[in-house]
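Below is one structure, written out as structure tokens; comments come after it.
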Amino acid sequence: MAEGAVFHLLSNFAPYLREEFNLSSGVREDIEYIRGEFERMTHFLRVADATEDRDPKIKVWAKQIREAAYDTADALDMYMLHLRSRHHQSTGFGEYVHKVSFFIQTFKAHHQIASEVEGIKSRIIDISEGHQRYSDIYGEIEQGSSSIPSDIAWYDCHGDALLLQDDDLVGIEKPKSHLIEWLLDEDPRLKVLSVVGMGGLGKTTLTKQVYDDAIVKRHFQNHAWITLSESFKVEELLRDMIRVLFEEVRQPLPRGVDNMDANSLKGIIHAFLRQKRYVVILDDVWGIQAWQVLRIILPECNCGSRVILTTRNVDLASSASEEYHGMVYNLEPLPREESWALFCSKTFKENSCPSYLEDLSKNILKKCEGLPLAIVAISGMLSTKHNSLNEWERIYHGLGAELEGNDKLTSMTKILSISYFDLPYYLKLCFL
């Protein structure tokens, strides 16, 4: 949350640069420099806040900036406190002593703030020069994935949703029937249907069940499932889509596709899908920019084609579906009965919950709040505890510690953290 610290600091600079603060010209210039440098940092930090959890280098830089912002705020606050204390009233000889004392204290305060501001300025220069005025890092983050470590376990778990069997699913029939009904609507216009909800609610699982449904398969001529990532590369994504489309109809790939630029790749996809009734799944679309890149390749040919987006981004879901005459399906947590059914099926397999564990199981289940990912993760861990009451009680009372230290819950914490890191910088500050 370095951006939050800098944002707060910038809102408090103005009073110190007014004439009545009687700062020396050197101190005033240093404060102006520090303010300007923090302002230049803000755009970088808005991007870094969403990335620092996965890149140790960015995390270190963000930490340095955050601490420098806090130290700057402390120095300015201490100077403000001193100025406010000077209004003590005295008379006679006491007034004379007070003026002398105030002069000495003010001299010391000015010297102290000058020294602290100079030290902070030096730190800011070191931070700036250390990563070339943020431009190189910003380029790394914007260009995406090459600098992001490959051990992002949550994405592997995201792919697991595509492999689930019908027996593993609970509470999916109602939303599945809604989506299929929308897909098979006789309206010939291209429609975009959005499935929206926080990480772990099962958007991918639900959409895969719809996509694989036999009626849906028969209704559309062409089918493509494309999974995005937070930092996808456009050319690679388009090539993947071309491979999916051409392999489905057993056609050879266009010659030279591996060396084509984005515009040429888009042209191939657009030409392939023209005058066909297709269904395309764009799974895990992070933001409107990604949608803007992909929407251009989808021809509107009044053949009854459909696109399904899965996303955490409510604004994206609303705007895309509204633009293309579609609907938004807000995926909700599982109700109590379905949560219990899923919990029992994963924890006790084909057996029922032992009576001595029932109350404790329901208390643990309450903490999952209907989130399928949480229920499956905790159930998987509990299934290894041999129905030991003492062990289950320890887990219930120390569930926070279990989330930190239990490898079986690592996937859950990583996936759920995405919902936090995907928040805008100002909402992260409110949330914390």
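Residue names in the structure tokens use chain letters A, B, ... in the order shown, residue numbers from 1 in each chain, and ligand numbers from 1 in the order shown.
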
As a PyMOL selection string, please: all residues of region 308-420 of chain A that backbone DSSP puts in helix (DSSP H, G or I). chain A and resi 314-323+336-347+355-368+372-382+389-397+399-405+407-420

Non-local contacts of region 294-304 of chain A (7 Å; only C-alpha atoms; under 4 positions in same chain excluded) as an mmCIF file with N, CA, C and O atoms, in the first residue's frame:
data_model
loop_
_atom_site.group_PDB
_atom_site.id
_atom_site.type_symbol
_atom_site.label_atom_id
_atom_site.label_comp_id
_atom_site.auth_asym_id
_atom_site.auth_seq_id
_atom_site.Cartn_x
_atom_site.Cartn_y
_atom_site.Cartn_z
ATOM 1 N N GLU A 186 -33.074 -16.839 -29.522
ATOM 2 C CA GLU A 186 -33.183 -16.778 -30.975
ATOM 3 C C GLU A 186 -32.793 -15.427 -31.567
ATOM 4 O O GLU A 186 -32.745 -15.282 -32.798
ATOM 5 N N ASP A 187 -32.507 -14.443 -30.742
ATOM 6 C CA ASP A 187 -32.082 -13.134 -31.246
ATOM 7 C C ASP A 187 -30.810 -13.318 -32.091
ATOM 8 O O ASP A 187 -29.807 -13.845 -31.615
ATOM 9 N N PRO A 188 -30.799 -12.891 -33.349
ATOM 10 C CA PRO A 188 -29.635 -13.136 -34.225
ATOM 11 C C PRO A 188 -28.435 -12.237 -33.945
ATOM 12 O O PRO A 188 -27.343 -12.494 -34.460
ATOM 13 N N ARG A 189 -28.622 -11.181 -33.159
ATOM 14 C CA ARG A 189 -27.508 -10.269 -32.906
ATOM 15 C C ARG A 189 -26.425 -10.940 -32.069
ATOM 16 O O ARG A 189 -26.690 -11.836 -31.275
ATOM 17 N N LEU A 190 -25.176 -10.484 -32.232
ATOM 18 C CA LEU A 190 -24.091 -10.931 -31.364
ATOM 19 C C LEU A 190 -24.368 -10.452 -29.945
ATOM 20 O O LEU A 190 -24.658 -9.277 -29.709
ATOM 21 N N LYS A 266 -5.494 -10.737 -35.862
ATOM 22 C CA LYS A 266 -6.896 -10.349 -35.676
ATOM 23 C C LYS A 266 -7.682 -10.535 -36.981
ATOM 24 O O LYS A 266 -8.843 -10.970 -36.967
ATOM 25 N N ILE A 269 -8.671 -14.237 -37.517
ATOM 26 C CA ILE A 269 -9.777 -14.673 -36.658
ATOM 27 C C ILE A 269 -11.094 -14.082 -37.144
ATOM 28 O O ILE A 269 -12.115 -14.771 -37.227
ATOM 29 N N HIS A 270 -11.068 -12.801 -37.457
ATOM 30 C CA HIS A 270 -12.290 -12.131 -37.912
ATOM 31 C C HIS A 270 -12.830 -12.775 -39.186
ATOM 32 O O HIS A 270 -14.039 -13.029 -39.321
ATOM 33 N N LEU A 273 -14.395 -16.353 -38.494
ATOM 34 C CA LEU A 273 -15.675 -16.388 -37.786
ATOM 35 C C LEU A 273 -16.807 -15.700 -38.550
ATOM 36 O O LEU A 273 -17.978 -15.842 -38.170
ATOM 37 N N ARG A 274 -16.486 -14.985 -39.614
ATOM 38 C CA ARG A 274 -17.516 -14.247 -40.353
ATOM 39 C C ARG A 274 -18.552 -15.211 -40.939
ATOM 40 O O ARG A 274 -18.196 -16.267 -41.466
ATOM 41 N N GLN A 275 -19.804 -14.838 -40.784
ATOM 42 C CA GLN A 275 -20.938 -15.610 -41.306
ATOM 43 C C GLN A 275 -21.057 -17.003 -40.671
ATOM 44 O O GLN A 275 -21.562 -17.941 -41.287
ATOM 45 N N LYS A 276 -20.601 -17.114 -39.437
ATOM 46 C CA LYS A 276 -20.743 -18.366 -38.702
ATOM 47 C C LYS A 276 -21.381 -18.094 -37.348
ATOM 48 O O LYS A 276 -21.225 -17.002 -36.777
ATOM 49 N N ARG A 277 -22.101 -19.101 -36.845
ATOM 50 C CA ARG A 277 -22.664 -18.987 -35.494
ATOM 51 C C ARG A 277 -21.656 -19.615 -34.523
ATOM 52 O O ARG A 277 -21.487 -20.822 -34.481
ATOM 53 N N ALA A 290 -8.295 -5.351 -21.741
ATOM 54 C CA ALA A 290 -8.219 -6.667 -22.370
ATOM 55 C C ALA A 290 -9.435 -6.913 -23.255
ATOM 56 O O ALA A 290 -9.320 -7.440 -24.368
#

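Nearest-residue note for Pro354 (chain A): choosing from A:Thr42, A:Asn330, A:Asn387, A:Ser122, the minimum distance belongs to A:Asn387, counting only C-alpha atoms.
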
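Here CA of Lys174 (chain A) and CA of Leu331 (chain A) stand 10.9 Å from one another.
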
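With CA of Cys368 (chain A) on one side and CA of Gln209 (chain A) on the other, the separation reads 23.5 Å.
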